[in-house]
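Q: Here it is, the structure, as C-alpha cells.
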Amino acid sequence: MSEQIYHILITEKCNYQCPLCCNNFYDIRNLPTVTTDMLREAHTVCITGGEPLIHGIGAITGLCQGLREQYPNIQKLYLYTSGLQLCNFSGSEIGYLYRFIDGINVSPKSGNGYHSFARFISAPIWELMPKRFANKTNRLYVFEEQLRFWEEVKKEYDIHLDDTWQVIGRHWDTTFNTPDNEHFVRLPILF
C-alpha cells in the first residue's frame, strides 16, 4: 500500500476568490468527513482550506498539536496557505507552530501576498531557522503569471531563502486529478 496523504480542508473562507482554485473542482461541504480510521492510516496530513490562517494561528497550532499527540503514525504534517496572514503572527507564535509541523507551503495569489510573504520571511525568527528547524521543508509556489511579483519582491526585500525553502514554479490547471493515494476530506465542522 502506498503512503496515504490526507488533505484536510478546515475552512471555506479565503482572502481570495481565484477562478482556477482547486477547491472549485468539488463542493467542500460534500467532501467526506475525516475519520479516526483515516488518520490512523495517514502518512502525511496537509492542513488546507480556504485559508487556514484566516482564523488565527492559535487554532491551527492546537489542531496540529492534537494530530501529533493522537496520531503518532503521521510522519509528515504540512500547512498550506496563501501566506497573506503569515506576517500577522509573532516569531514565537510561528516558532511554536513549527514544533508540530514539518513545513509550510505558501502559494501567494497577488502582489500583496508576495509582500506579506517577504515581511514574514524577513522576520528575525528566520535567522534561527536553519539551526532550529533544519529538518523542515517549506515550499513557495510561484505561479507563472506572478513570477514578476516574486522577482520584484525578492529584489526589494533582498530575500535569500535558506535551505529549508524550495521555490517551485506552478501554473493554473483547468483540470484537477487527484493521485490514488491522496484524499481530500474535511473537518466535521468547518472553521
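Please note that chains go A, B, ... in the order of the C-alpha cells, that every chain numbers its residues from 1, and that ligands are numbered from 1 in the order shown.
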DSSP on the backbone, then: every residue of segment 58-162 of chain A marked strand (DSSP E or B), written as a PyMOL selection string.
A: chain A and resi 76-81+103-106+138-143
Q: Write down as a PyMOL selection string the residues of segment 17-185 of chain A whose backbone DSSP state falls under alpha helix (DSSP H).
A: chain A and resi 36-41+57-70+91-97+111-121+125-132+147-156
Q: What does the file look like for those residues with C-alpha atoms, as a PDB file, in the first residue's frame?
A:
```pdb
ATOM      1  CA  THR A  36     -10.076   8.414  13.062  1.00  0.00           C
ATOM      2  CA  ASP A  37      -9.539   5.396  10.774  1.00  0.00           C
ATOM      3  CA  MET A  38      -8.331   7.716   8.014  1.00  0.00           C
ATOM      4  CA  LEU A  39      -5.973   9.490  10.379  1.00  0.00           C
ATOM      5  CA  ARG A  40      -4.650   6.151  11.699  1.00  0.00           C
ATOM      6  CA  GLU A  41      -3.595   5.181   8.167  1.00  0.00           C
ATOM      7  CA  ILE A  57      -2.554  30.841  14.351  1.00  0.00           C
ATOM      8  CA  GLY A  58      -3.722  29.523  17.741  1.00  0.00           C
ATOM      9  CA  ALA A  59      -6.467  27.348  16.267  1.00  0.00           C
ATOM     10  CA  ILE A  60      -4.102  25.880  13.673  1.00  0.00           C
ATOM     11  CA  THR A  61      -1.361  25.239  16.219  1.00  0.00           C
ATOM     12  CA  GLY A  62      -3.854  23.484  18.512  1.00  0.00           C
ATOM     13  CA  LEU A  63      -5.132  21.323  15.652  1.00  0.00           C
ATOM     14  CA  CYS A  64      -1.602  20.345  14.619  1.00  0.00           C
ATOM     15  CA  GLN A  65      -0.564  19.639  18.198  1.00  0.00           C
ATOM     16  CA  GLY A  66      -3.626  17.415  18.669  1.00  0.00           C
ATOM     17  CA  LEU A  67      -2.894  15.492  15.470  1.00  0.00           C
ATOM     18  CA  ARG A  68       0.704  14.889  16.559  1.00  0.00           C
ATOM     19  CA  GLU A  69      -0.303  13.741  20.037  1.00  0.00           C
ATOM     20  CA  GLN A  70      -3.195  11.495  18.991  1.00  0.00           C
ATOM     21  CA  GLY A  91       8.153  34.893  15.809  1.00  0.00           C
ATOM     22  CA  SER A  92       7.278  32.990  18.972  1.00  0.00           C
ATOM     23  CA  GLU A  93       3.861  32.026  17.553  1.00  0.00           C
ATOM     24  CA  ILE A  94       5.470  30.805  14.326  1.00  0.00           C
ATOM     25  CA  GLY A  95       8.203  29.003  16.262  1.00  0.00           C
ATOM     26  CA  TYR A  96       5.618  27.245  18.431  1.00  0.00           C
ATOM     27  CA  LEU A  97       3.615  26.171  15.363  1.00  0.00           C
ATOM     28  CA  GLY A 111       1.373  41.318  -5.203  1.00  0.00           C
ATOM     29  CA  ASN A 112       0.113  41.900  -1.646  1.00  0.00           C
ATOM     30  CA  GLY A 113       0.575  38.202  -0.951  1.00  0.00           C
ATOM     31  CA  TYR A 114       4.211  38.353  -2.056  1.00  0.00           C
ATOM     32  CA  HIS A 115       4.845  41.449   0.066  1.00  0.00           C
ATOM     33  CA  SER A 116       3.271  39.705   3.052  1.00  0.00           C
ATOM     34  CA  PHE A 117       5.482  36.662   2.453  1.00  0.00           C
ATOM     35  CA  ALA A 118       8.532  38.956   2.213  1.00  0.00           C
ATOM     36  CA  ARG A 119       7.719  40.579   5.580  1.00  0.00           C
ATOM     37  CA  PHE A 120       7.205  37.131   7.079  1.00  0.00           C
ATOM     38  CA  ILE A 121      10.454  35.710   5.709  1.00  0.00           C
ATOM     39  CA  ILE A 125      12.756  34.066  13.522  1.00  0.00           C
ATOM     40  CA  TRP A 126      14.171  33.092  10.123  1.00  0.00           C
ATOM     41  CA  GLU A 127      17.698  33.881  11.243  1.00  0.00           C
ATOM     42  CA  LEU A 128      17.279  30.954  13.639  1.00  0.00           C
ATOM     43  CA  MET A 129      15.501  28.643  11.210  1.00  0.00           C
ATOM     44  CA  PRO A 130      18.497  26.807   9.739  1.00  0.00           C
ATOM     45  CA  LYS A 131      19.678  25.884  13.234  1.00  0.00           C
ATOM     46  CA  ARG A 132      16.353  25.200  14.968  1.00  0.00           C
ATOM     47  CA  LEU A 147       6.724  35.496 -11.456  1.00  0.00           C
ATOM     48  CA  ARG A 148       7.305  39.242 -11.824  1.00  0.00           C
ATOM     49  CA  PHE A 149       5.783  39.861  -8.355  1.00  0.00           C
ATOM     50  CA  TRP A 150       8.196  37.362  -6.834  1.00  0.00           C
ATOM     51  CA  GLU A 151      11.204  38.793  -8.671  1.00  0.00           C
ATOM     52  CA  GLU A 152      10.309  42.375  -7.663  1.00  0.00           C
ATOM     53  CA  VAL A 153       9.688  41.491  -4.019  1.00  0.00           C
ATOM     54  CA  LYS A 154      12.794  39.322  -3.810  1.00  0.00           C
ATOM     55  CA  LYS A 155      14.880  42.270  -5.037  1.00  0.00           C
ATOM     56  CA  GLU A 156      13.073  44.913  -2.934  1.00  0.00           C
TER      57      GLU A 156
END
```
Q: How many Å lie between atom CA of Ile54 of chain A and atom CA of Gly83 of chain A, rounded to one decimal?
A: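 Spanning atom CA of Ile54 of chain A to atom CA of Gly83 of chain A is a straight-line distance of 10.1 Å.
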Q: From the list A:Phe25, A:Ser82, A:Arg139, A:Pro124, which residue is nearest Asp102 of chain A when using only C-alpha atoms?
A: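 That would be A:Arg139, the residue with the smallest distance to Asp102 of chain A.
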Q: Excluding His183 of chain A and residues on its chain fewer than 5 positions from it, collect all residues at most 7 Å away from it, counting only C-alpha atoms, and give them as a list of chain:residue names.
A: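 My list of contacting residues is A:Ile5, A:Tyr6, A:His7.
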